[in-house]
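> The file below is entry.txt, compact mmCIF, N, CA and C atoms:
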```
# COMPACT_ATOMS: atom_id res chain seq x y z
N MET A 1 25.82 66.31 0.23
CA MET A 1 24.74 65.72 -0.55
C MET A 1 24.12 66.79 -1.42
N PRO A 2 23.96 66.53 -2.77
CA PRO A 2 23.37 67.53 -3.64
C PRO A 2 21.92 67.82 -3.27
N LEU A 3 21.50 69.02 -3.59
CA LEU A 3 20.11 69.39 -3.38
C LEU A 3 19.22 68.61 -4.34
N PRO A 4 17.99 68.31 -3.95
CA PRO A 4 17.09 67.61 -4.87
C PRO A 4 16.64 68.53 -6.00
N ALA A 5 16.16 67.92 -7.07
CA ALA A 5 15.58 68.67 -8.17
C ALA A 5 14.35 69.41 -7.67
N HIS A 6 13.86 70.36 -8.47
CA HIS A 6 12.67 71.13 -8.10
C HIS A 6 11.44 70.25 -7.96
N ILE A 7 11.43 69.13 -8.63
CA ILE A 7 10.34 68.15 -8.55
C ILE A 7 10.96 66.86 -8.01
N PRO A 8 10.32 66.20 -7.06
CA PRO A 8 10.89 64.93 -6.55
C PRO A 8 11.10 63.93 -7.69
N LEU A 9 12.10 63.11 -7.54
CA LEU A 9 12.38 62.10 -8.55
C LEU A 9 11.29 61.05 -8.56
N SER A 10 10.91 60.63 -9.76
CA SER A 10 9.93 59.55 -9.90
C SER A 10 10.64 58.22 -9.75
N ASP A 11 9.91 57.15 -9.82
CA ASP A 11 10.49 55.81 -9.77
C ASP A 11 10.82 55.29 -11.17
N ILE A 12 10.58 56.11 -12.19
CA ILE A 12 10.80 55.71 -13.58
C ILE A 12 12.09 56.35 -14.07
N GLY A 13 12.98 55.53 -14.61
CA GLY A 13 14.24 56.03 -15.15
C GLY A 13 15.43 55.59 -14.33
N HIS A 14 16.61 55.83 -14.88
CA HIS A 14 17.85 55.38 -14.23
C HIS A 14 18.65 56.53 -13.66
N THR A 15 18.68 57.66 -14.34
CA THR A 15 19.46 58.81 -13.91
C THR A 15 18.53 59.84 -13.28
N ASN A 16 19.12 60.82 -12.60
CA ASN A 16 18.30 61.91 -12.05
C ASN A 16 17.48 62.57 -13.15
N TYR A 17 18.10 62.77 -14.29
CA TYR A 17 17.43 63.41 -15.42
C TYR A 17 16.20 62.58 -15.84
N GLU A 18 16.42 61.30 -16.07
CA GLU A 18 15.32 60.42 -16.49
C GLU A 18 14.24 60.33 -15.42
N ARG A 19 14.65 60.36 -14.17
CA ARG A 19 13.67 60.21 -13.09
C ARG A 19 12.83 61.46 -12.90
N VAL A 20 13.34 62.61 -13.27
CA VAL A 20 12.49 63.81 -13.27
C VAL A 20 11.54 63.72 -14.47
N MET A 21 12.09 63.42 -15.64
CA MET A 21 11.25 63.30 -16.83
C MET A 21 10.30 62.11 -16.72
N GLY A 22 10.63 61.15 -15.85
CA GLY A 22 9.79 59.98 -15.65
C GLY A 22 8.40 60.29 -15.13
N HIS A 23 8.17 61.50 -14.66
CA HIS A 23 6.81 61.90 -14.28
C HIS A 23 5.91 61.96 -15.50
N ALA A 24 6.51 62.06 -16.68
CA ALA A 24 5.77 62.04 -17.94
C ALA A 24 6.37 60.93 -18.82
N PRO A 25 6.07 59.66 -18.50
CA PRO A 25 6.70 58.56 -19.22
C PRO A 25 6.44 58.57 -20.73
N HIS A 26 5.31 59.17 -21.14
CA HIS A 26 5.01 59.26 -22.56
C HIS A 26 5.97 60.23 -23.27
N ILE A 27 6.64 61.10 -22.52
CA ILE A 27 7.67 61.97 -23.07
C ILE A 27 9.04 61.29 -22.91
N LEU A 28 9.28 60.69 -21.77
CA LEU A 28 10.57 60.06 -21.50
C LEU A 28 10.90 59.00 -22.54
N LYS A 29 9.96 58.14 -22.88
CA LYS A 29 10.24 57.03 -23.80
C LYS A 29 10.74 57.53 -25.16
N PRO A 30 10.03 58.41 -25.87
CA PRO A 30 10.58 58.87 -27.16
C PRO A 30 11.84 59.73 -26.99
N TRP A 31 11.95 60.42 -25.85
CA TRP A 31 13.15 61.22 -25.58
C TRP A 31 14.38 60.31 -25.54
N VAL A 32 14.28 59.22 -24.81
CA VAL A 32 15.39 58.26 -24.70
C VAL A 32 15.66 57.62 -26.06
N GLU A 33 14.61 57.34 -26.82
CA GLU A 33 14.80 56.74 -28.15
C GLU A 33 15.56 57.69 -29.07
N LEU A 34 15.24 59.00 -29.02
CA LEU A 34 15.96 59.95 -29.85
C LEU A 34 17.40 60.07 -29.39
N GLU A 35 17.61 60.09 -28.09
CA GLU A 35 18.97 60.14 -27.56
C GLU A 35 19.77 58.93 -28.05
N GLU A 36 19.16 57.75 -28.02
CA GLU A 36 19.83 56.54 -28.49
C GLU A 36 20.14 56.62 -29.98
N ALA A 37 19.26 57.24 -30.76
CA ALA A 37 19.52 57.40 -32.19
C ALA A 37 20.78 58.22 -32.41
N PHE A 38 20.95 59.28 -31.62
CA PHE A 38 22.15 60.10 -31.75
C PHE A 38 23.39 59.35 -31.30
N PHE A 39 23.29 58.56 -30.27
CA PHE A 39 24.48 57.93 -29.71
C PHE A 39 24.78 56.55 -30.30
N GLN A 40 23.81 55.90 -30.90
CA GLN A 40 24.06 54.56 -31.42
C GLN A 40 24.10 54.49 -32.94
N ARG A 41 23.50 55.48 -33.61
CA ARG A 41 23.46 55.42 -35.07
C ARG A 41 23.95 56.71 -35.73
N ALA A 42 24.72 57.48 -35.02
CA ALA A 42 25.18 58.77 -35.53
C ALA A 42 26.14 58.60 -36.70
N LEU A 43 26.06 59.53 -37.63
CA LEU A 43 27.03 59.61 -38.72
C LEU A 43 28.32 60.25 -38.23
N LEU A 44 28.19 61.18 -37.31
CA LEU A 44 29.33 61.92 -36.78
C LEU A 44 30.02 61.14 -35.67
N PRO A 45 31.33 61.33 -35.52
CA PRO A 45 32.04 60.64 -34.45
C PRO A 45 31.53 61.03 -33.06
N GLN A 46 31.49 60.06 -32.17
CA GLN A 46 31.02 60.32 -30.80
C GLN A 46 31.88 61.35 -30.09
N THR A 47 33.18 61.37 -30.38
CA THR A 47 34.05 62.35 -29.73
C THR A 47 33.67 63.77 -30.14
N LEU A 48 33.31 63.97 -31.39
CA LEU A 48 32.87 65.28 -31.87
C LEU A 48 31.56 65.66 -31.19
N LEU A 49 30.60 64.75 -31.19
CA LEU A 49 29.30 65.03 -30.57
C LEU A 49 29.45 65.34 -29.08
N GLU A 50 30.35 64.65 -28.41
CA GLU A 50 30.54 64.89 -26.98
C GLU A 50 31.11 66.28 -26.72
N GLN A 51 32.03 66.73 -27.55
CA GLN A 51 32.57 68.08 -27.37
C GLN A 51 31.50 69.14 -27.64
N VAL A 52 30.64 68.89 -28.60
CA VAL A 52 29.51 69.78 -28.87
C VAL A 52 28.57 69.81 -27.67
N ARG A 53 28.25 68.64 -27.13
CA ARG A 53 27.36 68.56 -25.97
C ARG A 53 27.95 69.33 -24.80
N ARG A 54 29.23 69.13 -24.53
CA ARG A 54 29.87 69.82 -23.41
C ARG A 54 29.88 71.33 -23.62
N THR A 55 30.08 71.77 -24.84
CA THR A 55 30.06 73.20 -25.15
C THR A 55 28.67 73.78 -24.91
N LEU A 56 27.65 73.10 -25.37
CA LEU A 56 26.28 73.57 -25.16
C LEU A 56 25.94 73.60 -23.67
N ALA A 57 26.43 72.63 -22.92
CA ALA A 57 26.15 72.58 -21.48
C ALA A 57 26.67 73.83 -20.78
N GLN A 58 27.78 74.35 -21.23
CA GLN A 58 28.30 75.59 -20.64
C GLN A 58 27.37 76.75 -20.95
N GLY A 59 26.70 76.69 -22.09
CA GLY A 59 25.82 77.78 -22.52
C GLY A 59 24.48 77.82 -21.80
N HIS A 60 23.84 76.67 -21.63
CA HIS A 60 22.50 76.68 -21.01
C HIS A 60 22.55 76.59 -19.50
N GLY A 61 23.66 76.15 -18.94
CA GLY A 61 23.85 76.19 -17.49
C GLY A 61 23.25 75.05 -16.68
N CYS A 62 22.85 73.97 -17.33
CA CYS A 62 22.32 72.81 -16.59
C CYS A 62 23.46 72.16 -15.80
N GLU A 63 23.34 72.13 -14.48
CA GLU A 63 24.40 71.55 -13.63
C GLU A 63 24.61 70.07 -13.94
N TYR A 64 23.54 69.34 -14.14
CA TYR A 64 23.63 67.91 -14.45
C TYR A 64 24.41 67.71 -15.74
N CYS A 65 24.08 68.50 -16.76
CA CYS A 65 24.73 68.38 -18.07
C CYS A 65 26.20 68.78 -18.00
N GLN A 66 26.51 69.81 -17.21
CA GLN A 66 27.89 70.26 -17.08
C GLN A 66 28.75 69.23 -16.37
N ALA A 67 28.19 68.57 -15.37
CA ALA A 67 28.95 67.59 -14.60
C ALA A 67 29.18 66.30 -15.40
N LYS A 68 28.29 66.02 -16.31
CA LYS A 68 28.36 64.79 -17.12
C LYS A 68 29.49 64.94 -18.15
N GLY A 69 30.66 64.48 -17.81
CA GLY A 69 31.78 64.54 -18.73
C GLY A 69 32.70 65.72 -18.53
N GLY A 70 32.28 66.71 -17.78
CA GLY A 70 33.14 67.86 -17.53
C GLY A 70 33.09 68.90 -18.63
N PRO A 71 33.98 69.89 -18.54
CA PRO A 71 33.99 70.96 -19.53
C PRO A 71 34.53 70.47 -20.87
N PRO A 72 34.25 71.22 -21.94
CA PRO A 72 34.80 70.81 -23.25
C PRO A 72 36.31 70.91 -23.24
N HIS A 73 36.94 70.11 -24.06
CA HIS A 73 38.40 70.18 -24.21
C HIS A 73 38.75 71.47 -24.94
N THR A 74 39.80 72.11 -24.52
CA THR A 74 40.20 73.36 -25.17
C THR A 74 41.16 73.10 -26.32
N SER A 75 41.79 71.96 -26.35
CA SER A 75 42.73 71.63 -27.42
C SER A 75 42.06 70.65 -28.37
N ARG A 76 41.98 71.03 -29.64
CA ARG A 76 41.37 70.16 -30.64
C ARG A 76 42.30 70.04 -31.83
N ASP A 77 42.73 68.84 -32.12
CA ASP A 77 43.58 68.60 -33.29
C ASP A 77 42.74 68.37 -34.55
N ASP A 78 41.48 68.06 -34.36
CA ASP A 78 40.60 67.73 -35.47
C ASP A 78 39.84 68.98 -35.91
N PHE A 79 40.03 69.39 -37.16
CA PHE A 79 39.39 70.61 -37.65
C PHE A 79 37.87 70.51 -37.62
N ARG A 80 37.32 69.35 -37.97
CA ARG A 80 35.86 69.21 -37.98
C ARG A 80 35.29 69.37 -36.57
N THR A 81 35.97 68.83 -35.57
CA THR A 81 35.51 69.01 -34.19
C THR A 81 35.59 70.48 -33.80
N SER A 82 36.66 71.14 -34.16
CA SER A 82 36.80 72.58 -33.86
C SER A 82 35.68 73.37 -34.52
N LEU A 83 35.36 73.05 -35.75
CA LEU A 83 34.29 73.73 -36.47
C LEU A 83 32.94 73.49 -35.80
N ALA A 84 32.69 72.25 -35.41
CA ALA A 84 31.42 71.91 -34.75
C ALA A 84 31.31 72.59 -33.39
N VAL A 85 32.40 72.64 -32.65
CA VAL A 85 32.39 73.32 -31.34
C VAL A 85 32.17 74.82 -31.53
N GLY A 86 32.80 75.41 -32.54
CA GLY A 86 32.56 76.82 -32.85
C GLY A 86 31.10 77.07 -33.17
N LEU A 87 30.50 76.17 -33.93
CA LEU A 87 29.08 76.28 -34.24
C LEU A 87 28.24 76.20 -32.96
N ALA A 88 28.62 75.29 -32.07
CA ALA A 88 27.89 75.15 -30.80
C ALA A 88 28.03 76.41 -29.94
N GLN A 89 29.17 77.05 -30.00
CA GLN A 89 29.35 78.31 -29.26
C GLN A 89 28.44 79.40 -29.81
N ILE A 90 28.34 79.48 -31.13
CA ILE A 90 27.43 80.45 -31.75
C ILE A 90 25.99 80.11 -31.37
N TYR A 91 25.64 78.82 -31.48
CA TYR A 91 24.29 78.36 -31.14
C TYR A 91 23.95 78.75 -29.70
N SER A 92 24.90 78.59 -28.80
CA SER A 92 24.68 78.91 -27.38
C SER A 92 24.41 80.38 -27.15
N SER A 93 25.10 81.23 -27.88
CA SER A 93 24.94 82.67 -27.65
C SER A 93 23.76 83.24 -28.44
N ASP A 94 23.55 82.76 -29.67
CA ASP A 94 22.44 83.26 -30.48
C ASP A 94 22.27 82.36 -31.70
N PRO A 95 21.33 81.42 -31.65
CA PRO A 95 21.15 80.51 -32.79
C PRO A 95 20.91 81.24 -34.11
N LYS A 96 20.37 82.47 -34.03
CA LYS A 96 20.16 83.24 -35.26
C LYS A 96 21.48 83.66 -35.89
N GLY A 97 22.57 83.53 -35.15
CA GLY A 97 23.88 83.85 -35.68
C GLY A 97 24.42 82.81 -36.65
N ILE A 98 23.73 81.69 -36.76
CA ILE A 98 24.13 80.67 -37.72
C ILE A 98 23.48 81.04 -39.05
N ASP A 99 24.27 81.63 -39.90
CA ASP A 99 23.75 82.16 -41.16
C ASP A 99 24.18 81.29 -42.35
N GLU A 100 23.83 81.75 -43.53
CA GLU A 100 24.14 81.01 -44.76
C GLU A 100 25.65 80.82 -44.93
N LYS A 101 26.42 81.83 -44.58
CA LYS A 101 27.88 81.74 -44.70
C LYS A 101 28.43 80.62 -43.81
N MET A 102 27.93 80.54 -42.57
CA MET A 102 28.36 79.49 -41.65
C MET A 102 27.95 78.12 -42.18
N LEU A 103 26.74 78.02 -42.71
CA LEU A 103 26.29 76.73 -43.27
C LEU A 103 27.13 76.33 -44.48
N GLN A 104 27.54 77.30 -45.30
CA GLN A 104 28.41 76.99 -46.43
C GLN A 104 29.76 76.45 -45.94
N LEU A 105 30.29 77.06 -44.89
CA LEU A 105 31.55 76.58 -44.31
C LEU A 105 31.38 75.15 -43.80
N LEU A 106 30.28 74.89 -43.12
CA LEU A 106 30.02 73.53 -42.64
C LEU A 106 29.95 72.54 -43.79
N ARG A 107 29.23 72.92 -44.85
CA ARG A 107 29.04 72.02 -45.98
C ARG A 107 30.33 71.75 -46.74
N ALA A 108 31.33 72.61 -46.55
CA ALA A 108 32.63 72.36 -47.18
C ALA A 108 33.39 71.24 -46.46
N HIS A 109 32.97 70.94 -45.21
CA HIS A 109 33.70 69.95 -44.41
C HIS A 109 32.83 68.79 -43.90
N PHE A 110 31.53 68.93 -44.05
CA PHE A 110 30.57 67.90 -43.62
C PHE A 110 29.62 67.62 -44.77
N SER A 111 29.14 66.39 -44.84
CA SER A 111 28.10 66.06 -45.82
C SER A 111 26.79 66.74 -45.40
N ASP A 112 25.86 66.83 -46.31
CA ASP A 112 24.56 67.42 -45.97
C ASP A 112 23.90 66.64 -44.83
N ALA A 113 24.01 65.32 -44.87
CA ALA A 113 23.41 64.50 -43.80
C ALA A 113 24.08 64.80 -42.47
N GLU A 114 25.39 65.01 -42.47
CA GLU A 114 26.09 65.33 -41.23
C GLU A 114 25.70 66.71 -40.70
N VAL A 115 25.50 67.67 -41.60
CA VAL A 115 25.06 69.00 -41.17
C VAL A 115 23.69 68.91 -40.52
N VAL A 116 22.78 68.17 -41.15
CA VAL A 116 21.44 67.99 -40.58
C VAL A 116 21.54 67.32 -39.22
N GLU A 117 22.35 66.27 -39.11
CA GLU A 117 22.50 65.58 -37.84
C GLU A 117 23.08 66.50 -36.77
N LEU A 118 24.08 67.28 -37.12
CA LEU A 118 24.72 68.18 -36.17
C LEU A 118 23.75 69.24 -35.65
N ILE A 119 22.99 69.86 -36.55
CA ILE A 119 22.04 70.89 -36.13
C ILE A 119 20.91 70.27 -35.30
N ALA A 120 20.42 69.10 -35.71
CA ALA A 120 19.37 68.42 -34.93
C ALA A 120 19.90 68.03 -33.55
N TYR A 121 21.13 67.54 -33.50
CA TYR A 121 21.75 67.16 -32.23
C TYR A 121 21.86 68.36 -31.31
N MET A 122 22.30 69.48 -31.86
CA MET A 122 22.43 70.68 -31.03
C MET A 122 21.07 71.12 -30.50
N GLY A 123 20.04 71.06 -31.32
CA GLY A 123 18.71 71.42 -30.85
C GLY A 123 18.22 70.50 -29.75
N PHE A 124 18.47 69.20 -29.92
CA PHE A 124 18.05 68.23 -28.91
C PHE A 124 18.81 68.43 -27.60
N MET A 125 20.13 68.60 -27.70
CA MET A 125 20.93 68.80 -26.50
C MET A 125 20.60 70.13 -25.81
N TRP A 126 20.31 71.15 -26.60
CA TRP A 126 19.95 72.45 -26.01
C TRP A 126 18.61 72.32 -25.28
N ALA A 127 17.64 71.69 -25.91
CA ALA A 127 16.33 71.50 -25.27
C ALA A 127 16.48 70.70 -23.98
N GLY A 128 17.26 69.64 -24.03
CA GLY A 128 17.48 68.83 -22.83
C GLY A 128 18.16 69.61 -21.72
N GLY A 129 19.12 70.44 -22.09
CA GLY A 129 19.81 71.25 -21.10
C GLY A 129 18.93 72.31 -20.48
N VAL A 130 18.10 72.92 -21.29
CA VAL A 130 17.17 73.92 -20.75
C VAL A 130 16.18 73.23 -19.80
N PHE A 131 15.71 72.05 -20.18
CA PHE A 131 14.83 71.28 -19.30
C PHE A 131 15.54 71.01 -17.97
N GLY A 132 16.78 70.54 -18.04
CA GLY A 132 17.55 70.25 -16.83
C GLY A 132 17.77 71.47 -15.97
N LYS A 133 18.05 72.61 -16.60
CA LYS A 133 18.28 73.86 -15.86
C LYS A 133 16.99 74.32 -15.18
N VAL A 134 15.91 74.36 -15.92
CA VAL A 134 14.63 74.83 -15.37
C VAL A 134 14.14 73.92 -14.25
N MET A 135 14.34 72.61 -14.42
CA MET A 135 13.86 71.65 -13.42
C MET A 135 14.83 71.50 -12.25
N GLY A 136 16.00 72.11 -12.35
CA GLY A 136 16.97 72.06 -11.25
C GLY A 136 17.61 70.70 -11.07
N ILE A 137 17.76 69.94 -12.15
CA ILE A 137 18.35 68.61 -12.06
C ILE A 137 19.84 68.76 -11.79
N ARG A 138 20.29 68.03 -10.80
CA ARG A 138 21.68 68.14 -10.37
C ARG A 138 22.38 66.79 -10.50
N PRO A 139 23.71 66.84 -10.55
CA PRO A 139 24.46 65.58 -10.63
C PRO A 139 24.37 64.80 -9.33
N GLY A 140 24.80 63.57 -9.36
CA GLY A 140 24.78 62.71 -8.19
C GLY A 140 23.95 61.49 -8.46
N SER A 141 24.10 60.50 -7.64
CA SER A 141 23.33 59.28 -7.85
C SER A 141 21.87 59.56 -7.50
N PRO A 142 20.94 58.90 -8.19
CA PRO A 142 19.52 59.10 -7.91
C PRO A 142 19.17 58.86 -6.44
N ARG A 143 19.82 57.91 -5.80
CA ARG A 143 19.51 57.63 -4.40
C ARG A 143 19.93 58.80 -3.52
N GLN A 144 21.07 59.43 -3.83
CA GLN A 144 21.51 60.58 -3.04
C GLN A 144 20.59 61.77 -3.24
N ALA A 145 20.13 61.96 -4.48
CA ALA A 145 19.36 63.15 -4.79
C ALA A 145 17.89 63.02 -4.41
N ARG A 146 17.45 61.82 -4.13
CA ARG A 146 16.04 61.62 -3.79
C ARG A 146 15.75 62.17 -2.39
N PRO A 147 14.73 63.03 -2.26
CA PRO A 147 14.44 63.59 -0.95
C PRO A 147 14.02 62.51 0.03
N GLU A 148 14.34 62.74 1.29
CA GLU A 148 13.98 61.77 2.34
C GLU A 148 12.51 61.82 2.64
```
Take the structure from the file and write it as structure tokens.

Amino acid sequence: MPLPAHIPLSDIGHTNYERVMGHAPHILKPWVELEEAFFQRALLPQTLLEQVRRTLAQGHGCEYCQAKGGPPHTSRDDFRTSLAVGLAQIYSSDPKGIDEKMLQLLRAHFSDAEVVELIAYMGFMWAGGVFGKVMGIRPGSPRQARPE
């Protein structure tokens, strides 16, 4: 049985992540809405975004995030996905490493709107992962992770 998060799970939310954030429902609600915007109305393909998310999860170390979907795929036939994953690797090690030259390379293969979406997505996923890491959120069903 996985260890519980650093804070007991609330009764608000569906996943362990949401149930920890559910202690602050005024934060959880817009957080979920932004997540839905990325996953339901994204300009970028979901497969690309998922590989970026998985890459970032390796960087920030959130166990919950790493378990959700597993590690990033190492084989990429799609150049845009490879470019986005490379950007996520740079973002993970040092966001200041994303310079004008890197942005020019992105703009050669992505529209301006896609670049904005990709950078915003990485920031959101990074913030969520850091939250998960700091709060000790772990994978598993909420019922298993809830302390007795």
> With only N, CA and C atoms as the atoms that count, which of A:Gln58, A:Ser10, A:Gln46, A:Thr15 lies nearest to Ser92 of chain A?
A:Gln58
> Name the residues in contact with Ile137 of chain A at a cut-off of 8 Å, using only C-alpha atoms, excluding same-chain residues fewer than 4 positions from it; report them as a list in words.
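These residues fall inside the cut-off: Pro4, Ala5, His6, Asn16, Tyr17, Val20, Cys62, Glu63, Tyr64, Gly132 and Lys133 of chain A.
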> Could you please determine the separation between atom C of Leu44 of chain A and atom C of Lys96 of chain A in Å, to one decimal place?
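About the pair atom C of Leu44 of chain A and atom C of Lys96 of chain A: they are 24.1 Å apart.
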> Which is closest to Asp112 of chain A among A:Pro139, A:Leu43, A:Gly13, A:Gly129, if we use only C-alpha atoms?
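Under the stated criterion, the closest residue is A:Leu43.
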> Taking (11.8, 65.4, -13.8) in the file's own coordinates, collect the residues within 7 Å, counting all atoms listed in the file, and hand them back as a list of chain:residue names.
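Those residues, ordered by chain and then number, are A:Ile7, A:Pro8, A:Leu9, A:Ser10, A:Asn16, A:Tyr17, A:Glu18, A:Arg19, A:Val20, A:Met21, A:Gly22, A:His23, A:Ala24, A:Met135.
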> Write out as AutoDock Vina command-line options an axis-aligned box for segment 57-64 of chain A: all of its atoms listed in the file, 4 Å added on each side, centre and edge lengths in Å with one decimal.

```
--center_x 25.3 --center_y 72.8 --center_z -18.3 --size_x 14.0 --size_y 18.1 --size_z 17.3
```
> How many Å separate atom N of Gly140 of chain A from atom C of Arg41 of chain A?
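Going from atom N of Gly140 of chain A over to atom C of Arg41 of chain A, I get 27.3 Å.
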> If you measure from atom N of Leu118 of chain A to atom CA of Ala37 of chain A, what distance in Å do you get, rounded to one decimal?
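Separation of atom N of Leu118 of chain A and atom CA of Ala37 of chain A: 11.9 Å.
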> Could you please write out, as a PyMOL selection string, every residue of segment 37-148 of chain A that DSSP assigns to helix (DSSP H, G or I)?
chain A and resi 37-40+46-60+63-67+79-93+95-97+100-109+112-135+142-145
> Nearest to Ala88 of chain A among A:Arg53, A:Glu36, A:Pro30, A:Phe131, with distances taken over all atoms listed in the file: which residue is it?
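With all atoms listed in the file as the atom set, the closest residue is A:Arg53.
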> Which residues come within 8 Å of Leu87 of chain A, counting all atoms listed in the file, excluding same-chain residues fewer than 5 positions away, as a VMD selection string?
chain A and resid 52 81 to 82 92 to 93 98
> I'd like the contact shell of Val130 of chain A - 8 Å cut-off, all atoms listed in the file, skipping same-chain residues fewer than 5 positions apart - returned as a list in words.
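Residues meeting the cut-off are His60, Gly61, Cys62, Phe124, Met125, Met135 and Gly136 of chain A.
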> With the cut-off set at 12 Å and counting only C-alpha atoms, tabulate each residue of segment 60-86 of chain A with an atom at most that distance from an atom of segment 99-102 of chain A, showing the nearest atom pair and its distance in Å to one decimal, ordered by chain and increasing number, as JSON lines.

```
{"residue": "A:Leu83", "atom": "CA", "partner": "A:Met102", "partner_atom": "CA", "distance": 9.8}
{"residue": "A:Ala84", "atom": "CA", "partner": "A:Met102", "partner_atom": "CA", "distance": 10.7}
{"residue": "A:Gly86", "atom": "CA", "partner": "A:Met102", "partner_atom": "CA", "distance": 10.1}
```
